[in-house]
Amino acid sequence: MTLQQLKYIVAVDRYRSFARAAEHCGVTQPTLSGMLLKLEDELGARIFDRSNKHVVPTAMGNRIIRQAENAIAEANRIFDIVSEAKDSISGELTLCVSPNIAPYLLPKFIKHYVAAYPDVKLTIEDVKAKAMSEILLHGNADVGIATAGNAVEGIYEIPLYTEQFMVYVSENCLSRFPVFRPDNLEHENMWIMKESQCLRQSAFSFCKERAKGRRIYEAGNIETLIRIVDENGGYTIIPEMHTPMLSEKQRANVRKIDGDHLSERKVSLYIKSDYIREKMLGSIIDTLTSFMPKSMFEPKILKFGIKL
């Protein structure tokens, strides 16, 4: 039994495909399949059921895979200890970012990070917040970035920054008002994201008193919402960091939210509770603060960084 074989079975479990697992591991499919067969012969146990269209672990296989994940994690910790002792930051970093945050962070993050840390092999994946903890727990990623409140047992949540929500209105909807007040738009259509709970909570929190029968439409992404507002009137809610993506004409339709209504989302870093790469976390923070407004960040993050 080798560490590489354990990595192969973990990859097959993750992708549920020998071809995709082989691609991820950088080997040919026959090589990966052959190594797994040797491991199964050595153990005298079948790890994967290959009878279905999709590759699935057997009952025994599930137990073996979980133990393999633990073994890989412990082996990686040896490299982590050595890496932390070095002056330079190097090694591998797999970062998960939730899709409702990724468009605002990743374009500049990748550019700045690759330039500042050329010795780090960076991998970034879009992962919904609900699935992120499981990926971190299984050791398939190092760090996650998602909205706050998604930690589970075995996962640490580190508050990172707070982003304000703005209101985007049609040209003929609210041009006479310098700020947005919920009672100004009782007669208007509100358009919200279909699968973005933080936006949904913000929208409904200051619209609880809307008239019965008022129509609320749901779209799949913010760009669609903005185009709907431009064509049909009404208003929608956008994150503060979406504002630079608007045209100069569209930015004139953005309003701040007045009053004490819930109009922000908090974003956190997520790591496994035994994660030890403090310098690697620091590289993420340094990169984010290099292009994002520092006023958004948690004061402790700016002053002390992250201490594990």
# chains A, B, ... in the order shown; residues from 1 in each chain; ligands from 1

call {"tool": "residues_around", "arguments": {"residues": "stretch 240-242 of chain A", "least_positions_apart": "6", "cutoff": "6 Å", "atoms": "only C-alpha atoms", "output": "number ranges by chain"}}
result
A: 164-166

call {"tool": "residues_around", "arguments": {"residues": "A:Leu39", "least_positions_apart": "5", "cutoff": "12 Å", "atoms": "only C-alpha atoms", "output": "list in words"}}
result
Met1, Thr2, Leu3, Gln4, Gln5, Leu6, Lys7, Tyr8, Ile9, Leu32, Ser33, Gly34, Gly44, Ala45, Arg46, Ile47, Phe48, Gly61 and Ile64 of chain A

call {"tool": "write_last_selection", "arguments": {"atoms": "N, CA, C and O atoms", "output": "short mmCIF file (atom, residue, chain, number, x, y, z; two decimals), in the first residue's frame"}}
result
data_model
loop_
_atom_site.label_atom_id
_atom_site.label_comp_id
_atom_site.auth_asym_id
_atom_site.auth_seq_id
_atom_site.Cartn_x
_atom_site.Cartn_y
_atom_site.Cartn_z
N MET A 1 0.85 -1.19 0.00
CA MET A 1 0.00 0.00 0.00
C MET A 1 0.89 1.25 0.00
O MET A 1 1.82 1.35 0.78
N THR A 2 0.59 2.16 -0.91
CA THR A 2 1.37 3.40 -1.00
C THR A 2 0.45 4.61 -0.81
O THR A 2 -0.76 4.52 -0.99
N LEU A 3 1.10 5.73 -0.47
CA LEU A 3 0.34 6.97 -0.32
C LEU A 3 -0.31 7.37 -1.65
O LEU A 3 -1.43 7.89 -1.66
N GLN A 4 0.37 7.09 -2.75
CA GLN A 4 -0.18 7.43 -4.06
C GLN A 4 -1.46 6.65 -4.33
O GLN A 4 -2.43 7.18 -4.89
N GLN A 5 -1.47 5.38 -3.95
CA GLN A 5 -2.69 4.57 -4.14
C GLN A 5 -3.84 5.15 -3.33
O GLN A 5 -4.99 5.17 -3.80
N LEU A 6 -3.55 5.60 -2.13
CA LEU A 6 -4.59 6.21 -1.30
C LEU A 6 -5.13 7.48 -1.95
O LEU A 6 -6.33 7.74 -1.92
N LYS A 7 -4.24 8.24 -2.56
CA LYS A 7 -4.67 9.45 -3.25
C LYS A 7 -5.56 9.10 -4.44
O LYS A 7 -6.52 9.82 -4.75
N TYR A 8 -5.26 7.99 -5.10
CA TYR A 8 -6.07 7.57 -6.25
C TYR A 8 -7.51 7.22 -5.81
O TYR A 8 -8.47 7.64 -6.47
N ILE A 9 -7.63 6.48 -4.71
CA ILE A 9 -8.99 6.08 -4.32
C ILE A 9 -9.79 7.28 -3.82
O ILE A 9 -11.00 7.36 -4.03
N LEU A 32 -4.08 4.36 -13.28
CA LEU A 32 -4.86 4.52 -12.06
C LEU A 32 -5.67 3.26 -11.77
O LEU A 32 -5.68 2.77 -10.63
N SER A 33 -6.33 2.73 -12.78
CA SER A 33 -7.16 1.53 -12.58
C SER A 33 -6.32 0.35 -12.13
O SER A 33 -6.71 -0.41 -11.24
N GLY A 34 -5.14 0.23 -12.72
CA GLY A 34 -4.26 -0.88 -12.36
C GLY A 34 -3.77 -0.78 -10.92
O GLY A 34 -3.73 -1.79 -10.20
N GLY A 44 -7.64 -7.47 -0.06
CA GLY A 44 -8.65 -8.52 -0.10
C GLY A 44 -10.05 -7.96 0.08
O GLY A 44 -10.94 -8.62 0.62
N ALA A 45 -10.26 -6.74 -0.40
CA ALA A 45 -11.56 -6.08 -0.26
C ALA A 45 -11.82 -5.22 -1.48
O ALA A 45 -10.89 -4.62 -2.06
N ARG A 46 -13.05 -5.18 -1.89
CA ARG A 46 -13.44 -4.36 -3.04
C ARG A 46 -13.79 -2.96 -2.55
O ARG A 46 -14.63 -2.80 -1.65
N ILE A 47 -13.15 -1.95 -3.14
CA ILE A 47 -13.35 -0.56 -2.69
C ILE A 47 -14.48 0.10 -3.48
O ILE A 47 -15.28 0.85 -2.91
N PHE A 48 -14.54 -0.16 -4.77
CA PHE A 48 -15.55 0.49 -5.62
C PHE A 48 -16.40 -0.55 -6.34
O PHE A 48 -15.91 -1.60 -6.76
N GLY A 61 -15.61 0.04 1.19
CA GLY A 61 -14.85 1.08 0.50
C GLY A 61 -15.00 2.45 1.15
O GLY A 61 -14.03 3.21 1.25
N ILE A 64 -12.70 2.59 4.06
CA ILE A 64 -11.31 2.67 3.61
C ILE A 64 -10.98 4.07 3.11
O ILE A 64 -9.91 4.63 3.41
#

call {"tool": "closest_atom_pairs", "arguments": {"of": "stretch 218-299 of chain A", "to": "stretch 76-98 of chain A", "cutoff": "10 Å", "atoms": "only C-alpha atoms", "output": "Markdown table"}}
result
| residue | atom | partner | partner_atom | distance |
| --- | --- | --- | --- | --- |
| A:Leu269 | CA | A:Val97 | CA | 9.5 |
| A:Tyr270 | CA | A:Cys96 | CA | 9.2 |
| A:Asp274 | CA | A:Arg77 | CA | 9.4 |
| A:Tyr275 | CA | A:Arg77 | CA | 8.4 |
| A:Ile276 | CA | A:Asp80 | CA | 7.2 |
| A:Arg277 | CA | A:Glu84 | CA | 6.3 |
| A:Glu278 | CA | A:Glu84 | CA | 7.4 |
| A:Lys279 | CA | A:Glu84 | CA | 6.5 |
| A:Met280 | CA | A:Ile89 | CA | 6.8 |
| A:Leu281 | CA | A:Leu93 | CA | 9.6 |
| A:Gly282 | CA | A:Ile89 | CA | 9.8 |
| A:Ser283 | CA | A:Ile89 | CA | 8.0 |
| A:Ile284 | CA | A:Leu95 | CA | 9.6 |

call {"tool": "select_by_dssp", "arguments": {"residues": "stretch 38-76 of chain A", "states": "strand (DSSP E or B)", "output": "PyMOL selection string"}}
result
chain A and resi 48-49+56-57

call {"tool": "atom_distance", "arguments": {"atom1": "atom CA of A:Phe304", "atom2": "atom CA of A:Tyr161"}}
result
14.3 Å

call {"tool": "closest_residue", "arguments": {"among": "A:Leu136, A:Leu105, A:Ala151, A:Ile124", "to": "A:Ile285", "atoms": "only C-alpha atoms"}}
result
A:Leu105

call {"tool": "closest_residue", "arguments": {"among": "A:Asn189, A:Ser290, A:Thr243, A:Asn62", "to": "A:Cys173", "atoms": "only C-alpha atoms"}}
result
A:Asn189

call {"tool": "residues_around", "arguments": {"residues": "A:Tyr217", "least_positions_apart": "5", "cutoff": "7 Å", "atoms": "only C-alpha atoms", "output": "mmCIF file with all heavy atoms, in the first residue's frame"}}
result
data_model
loop_
_atom_site.group_PDB
_atom_site.id
_atom_site.type_symbol
_atom_site.label_atom_id
_atom_site.label_comp_id
_atom_site.auth_asym_id
_atom_site.auth_seq_id
_atom_site.Cartn_x
_atom_site.Cartn_y
_atom_site.Cartn_z
ATOM 1 N N MET A 190 -40.071 44.190 -7.334
ATOM 2 C CA MET A 190 -38.753 43.872 -6.818
ATOM 3 C C MET A 190 -38.300 42.560 -7.453
ATOM 4 O O MET A 190 -39.027 41.577 -7.468
ATOM 5 C CB MET A 190 -38.773 43.721 -5.297
ATOM 6 C CG MET A 190 -37.404 43.366 -4.717
ATOM 7 S SD MET A 190 -37.376 43.391 -2.916
ATOM 8 C CE MET A 190 -38.452 41.994 -2.573
ATOM 9 N N TRP A 191 -37.061 42.546 -7.939
ATOM 10 C CA TRP A 191 -36.497 41.373 -8.591
ATOM 11 C C TRP A 191 -35.365 40.850 -7.715
ATOM 12 O O TRP A 191 -34.471 41.605 -7.334
ATOM 13 C CB TRP A 191 -35.954 41.747 -9.972
ATOM 14 C CG TRP A 191 -36.913 42.520 -10.811
ATOM 15 C CD1 TRP A 191 -37.227 43.847 -10.713
ATOM 16 C CD2 TRP A 191 -37.689 42.022 -11.897
ATOM 17 N NE1 TRP A 191 -38.135 44.205 -11.671
ATOM 18 C CE2 TRP A 191 -38.440 43.104 -12.414
ATOM 19 C CE3 TRP A 191 -37.821 40.772 -12.502
ATOM 20 C CZ2 TRP A 191 -39.313 42.971 -13.485
ATOM 21 C CZ3 TRP A 191 -38.688 40.638 -13.576
ATOM 22 C CH2 TRP A 191 -39.420 41.725 -14.057
ATOM 23 N N ILE A 192 -35.365 39.540 -7.404
ATOM 24 C CA ILE A 192 -34.355 39.011 -6.509
ATOM 25 C C ILE A 192 -33.722 37.759 -7.093
ATOM 26 O O ILE A 192 -34.243 37.143 -8.019
ATOM 27 C CB ILE A 192 -34.928 38.675 -5.113
ATOM 28 C CG1 ILE A 192 -35.984 37.563 -5.220
ATOM 29 C CG2 ILE A 192 -35.500 39.909 -4.448
ATOM 30 C CD1 ILE A 192 -36.480 37.074 -3.883
#

call {"tool": "closest_residue", "arguments": {"among": "A:His138, A:Gln250, A:Val120, A:Asn100", "to": "A:Arg14", "atoms": "only C-alpha atoms"}}
result
A:His138

call {"tool": "select_by_dssp", "arguments": {"residues": "stretch 66-190 of chain A", "states": "alpha helix (DSSP H)", "output": "JSON list (two decimals) with N, CA and C atoms, in the first residue's frame"}}
result
[["chain", "number", "residue", "atom", "x", "y", "z"],
["A", 66, "ARG", "N", -12.41, 6.96, 3.91],
["A", 66, "ARG", "CA", -12.31, 7.92, 5.02],
["A", 66, "ARG", "C", -10.97, 7.80, 5.73],
["A", 67, "GLN", "N", -10.51, 6.55, 5.92],
["A", 67, "GLN", "CA", -9.20, 6.36, 6.57],
["A", 67, "GLN", "C", -8.08, 6.84, 5.66],
["A", 68, "ALA", "N", -8.25, 6.66, 4.35],
["A", 68, "ALA", "CA", -7.25, 7.14, 3.39],
["A", 68, "ALA", "C", -7.14, 8.66, 3.46],
["A", 69, "GLU", "N", -8.26, 9.33, 3.57],
["A", 69, "GLU", "CA", -8.25, 10.79, 3.69],
["A", 69, "GLU", "C", -7.48, 11.23, 4.92],
["A", 70, "ASN", "N", -7.68, 10.52, 6.03],
["A", 70, "ASN", "CA", -6.95, 10.84, 7.26],
["A", 70, "ASN", "C", -5.45, 10.63, 7.07],
["A", 71, "ALA", "N", -5.08, 9.53, 6.43],
["A", 71, "ALA", "CA", -3.67, 9.23, 6.22],
["A", 71, "ALA", "C", -3.01, 10.28, 5.32],
["A", 72, "ILE", "N", -3.70, 10.68, 4.27],
["A", 72, "ILE", "CA", -3.17, 11.70, 3.36],
["A", 72, "ILE", "C", -3.02, 13.03, 4.09],
["A", 73, "ALA", "N", -4.02, 13.37, 4.90],
["A", 73, "ALA", "CA", -3.97, 14.63, 5.64],
["A", 73, "ALA", "C", -2.79, 14.65, 6.59],
["A", 74, "GLU", "N", -2.55, 13.54, 7.29],
["A", 74, "GLU", "CA", -1.43, 13.48, 8.23],
["A", 74, "GLU", "C", -0.09, 13.55, 7.50],
["A", 75, "ALA", "N", -0.01, 12.90, 6.34],
["A", 75, "ALA", "CA", 1.22, 12.98, 5.55],
["A", 75, "ALA", "C", 1.46, 14.40, 5.06],
["A", 76, "ASN", "N", 0.39, 15.06, 4.62],
["A", 76, "ASN", "CA", 0.52, 16.44, 4.14],
["A", 76, "ASN", "C", 0.96, 17.39, 5.25],
["A", 77, "ARG", "N", 0.57, 17.07, 6.49],
["A", 77, "ARG", "CA", 0.96, 17.93, 7.60],
["A", 77, "ARG", "C", 2.47, 17.97, 7.79],
["A", 78, "ILE", "N", 3.16, 16.90, 7.41],
["A", 78, "ILE", "CA", 4.62, 16.90, 7.48],
["A", 78, "ILE", "C", 5.18, 17.95, 6.53],
["A", 79, "PHE", "N", 4.65, 17.98, 5.30],
["A", 79, "PHE", "CA", 5.08, 18.99, 4.34],
["A", 79, "PHE", "C", 4.69, 20.40, 4.82],
["A", 80, "ASP", "N", 3.51, 20.49, 5.44],
["A", 80, "ASP", "CA", 3.05, 21.78, 5.94],
["A", 80, "ASP", "C", 3.98, 22.33, 7.02],
["A", 81, "ILE", "N", 4.43, 21.46, 7.90],
["A", 81, "ILE", "CA", 5.34, 21.88, 8.97],
["A", 81, "ILE", "C", 6.64, 22.42, 8.39],
["A", 82, "VAL", "N", 7.17, 21.72, 7.39],
["A", 82, "VAL", "CA", 8.40, 22.16, 6.75],
["A", 82, "VAL", "C", 8.17, 23.47, 6.00],
["A", 83, "SER", "N", 7.05, 23.56, 5.29],
["A", 83, "SER", "CA", 6.74, 24.76, 4.53],
["A", 83, "SER", "C", 6.59, 25.98, 5.42],
["A", 84, "GLU", "N", 5.95, 25.82, 6.58],
["A", 84, "GLU", "CA", 5.76, 26.93, 7.51],
["A", 84, "GLU", "C", 7.07, 27.43, 8.07],
["A", 85, "ALA", "N", 8.07, 26.54, 8.15],
["A", 85, "ALA", "CA", 9.36, 26.92, 8.72],
["A", 85, "ALA", "C", 10.22, 27.71, 7.74],
["A", 102, "ALA", "N", -17.49, 34.62, -5.90],
["A", 102, "ALA", "CA", -16.38, 34.43, -6.85],
["A", 102, "ALA", "C", -16.24, 35.54, -7.89],
["A", 103, "PRO", "N", -17.32, 36.01, -8.54],
["A", 103, "PRO", "CA", -17.13, 37.03, -9.59],
["A", 103, "PRO", "C", -16.46, 38.31, -9.11],
["A", 104, "TYR", "N", -16.59, 38.60, -7.82],
["A", 104, "TYR", "CA", -16.06, 39.86, -7.29],
["A", 104, "TYR", "C", -14.64, 39.72, -6.76],
["A", 105, "LEU", "N", -14.23, 38.51, -6.42],
["A", 105, "LEU", "CA", -12.91, 38.30, -5.85],
["A", 105, "LEU", "C", -11.91, 37.72, -6.84],
["A", 106, "LEU", "N", -12.32, 36.70, -7.58],
["A", 106, "LEU", "CA", -11.36, 35.88, -8.30],
["A", 106, "LEU", "C", -10.57, 36.58, -9.40],
["A", 107, "PRO", "N", -11.18, 37.40, -10.26],
["A", 107, "PRO", "CA", -10.38, 38.00, -11.34],
["A", 107, "PRO", "C", -9.13, 38.72, -10.84],
["A", 108, "LYS", "N", -9.30, 39.59, -9.84],
["A", 108, "LYS", "CA", -8.15, 40.33, -9.32],
["A", 108, "LYS", "C", -7.32, 39.47, -8.36],
["A", 109, "PHE", "N", -7.99, 38.58, -7.62],
["A", 109, "PHE", "CA", -7.25, 37.73, -6.68],
["A", 109, "PHE", "C", -6.23, 36.89, -7.42],
["A", 110, "ILE", "N", -6.65, 36.24, -8.50],
["A", 110, "ILE", "CA", -5.73, 35.38, -9.26],
["A", 110, "ILE", "C", -4.55, 36.20, -9.78],
["A", 111, "LYS", "N", -4.85, 37.36, -10.34],
["A", 111, "LYS", "CA", -3.79, 38.21, -10.90],
["A", 111, "LYS", "C", -2.77, 38.60, -9.83],
["A", 112, "HIS", "N", -3.25, 39.08, -8.69],
["A", 112, "HIS", "CA", -2.34, 39.54, -7.64],
["A", 112, "HIS", "C", -1.63, 38.38, -6.96],
["A", 113, "TYR", "N", -2.35, 37.27, -6.74],
["A", 113, "TYR", "CA", -1.75, 36.15, -6.00],
["A", 113, "TYR", "C", -0.64, 35.49, -6.81],
["A", 114, "VAL", "N", -0.90, 35.22, -8.06],
["A", 114, "VAL", "CA", 0.10, 34.55, -8.90],
["A", 114, "VAL", "C", 1.36, 35.40, -9.01],
["A", 115, "ALA", "N", 1.18, 36.72, -9.08],
["A", 115, "ALA", "CA", 2.35, 37.61, -9.17],
["A", 115, "ALA", "C", 3.14, 37.64, -7.87],
["A", 116, "ALA", "N", 2.44, 37.62, -6.74],
["A", 116, "ALA", "CA", 3.11, 37.75, -5.44],
["A", 116, "ALA", "C", 3.66, 36.44, -4.92],
["A", 129, "ALA", "N", -21.73, 27.10, -0.65],
["A", 129, "ALA", "CA", -21.39, 27.15, 0.76],
["A", 129, "ALA", "C", -21.78, 25.87, 1.50],
["A", 130, "LYS", "N", -22.93, 25.30, 1.16],
["A", 130, "LYS", "CA", -23.41, 24.12, 1.87],
["A", 130, "LYS", "C", -22.51, 22.91, 1.66],
["A", 131, "ALA", "N", -21.85, 22.84, 0.52],
["A", 131, "ALA", "CA", -20.99, 21.70, 0.21],
["A", 131, "ALA", "C", -19.54, 21.94, 0.63],
["A", 132, "MET", "N", -19.20, 23.16, 0.98],
["A", 132, "MET", "CA", -17.81, 23.52, 1.24],
["A", 132, "MET", "C", -17.23, 22.80, 2.46],
["A", 133, "SER", "N", -18.00, 22.71, 3.53],
["A", 133, "SER", "CA", -17.49, 22.09, 4.76],
["A", 133, "SER", "C", -17.09, 20.64, 4.52],
["A", 134, "GLU", "N", -17.91, 19.91, 3.77],
["A", 134, "GLU", "CA", -17.61, 18.50, 3.50],
["A", 134, "GLU", "C", -16.32, 18.36, 2.72],
["A", 135, "ILE", "N", -16.12, 19.25, 1.75],
["A", 135, "ILE", "CA", -14.90, 19.21, 0.94],
["A", 135, "ILE", "C", -13.68, 19.50, 1.81],
["A", 136, "LEU", "N", -13.80, 20.48, 2.70],
["A", 136, "LEU", "CA", -12.69, 20.80, 3.61],
["A", 136, "LEU", "C", -12.42, 19.65, 4.57],
["A", 137, "LEU", "N", -13.47, 19.07, 5.13],
["A", 137, "LEU", "CA", -13.32, 17.97, 6.08],
["A", 137, "LEU", "C", -12.64, 16.76, 5.46]]
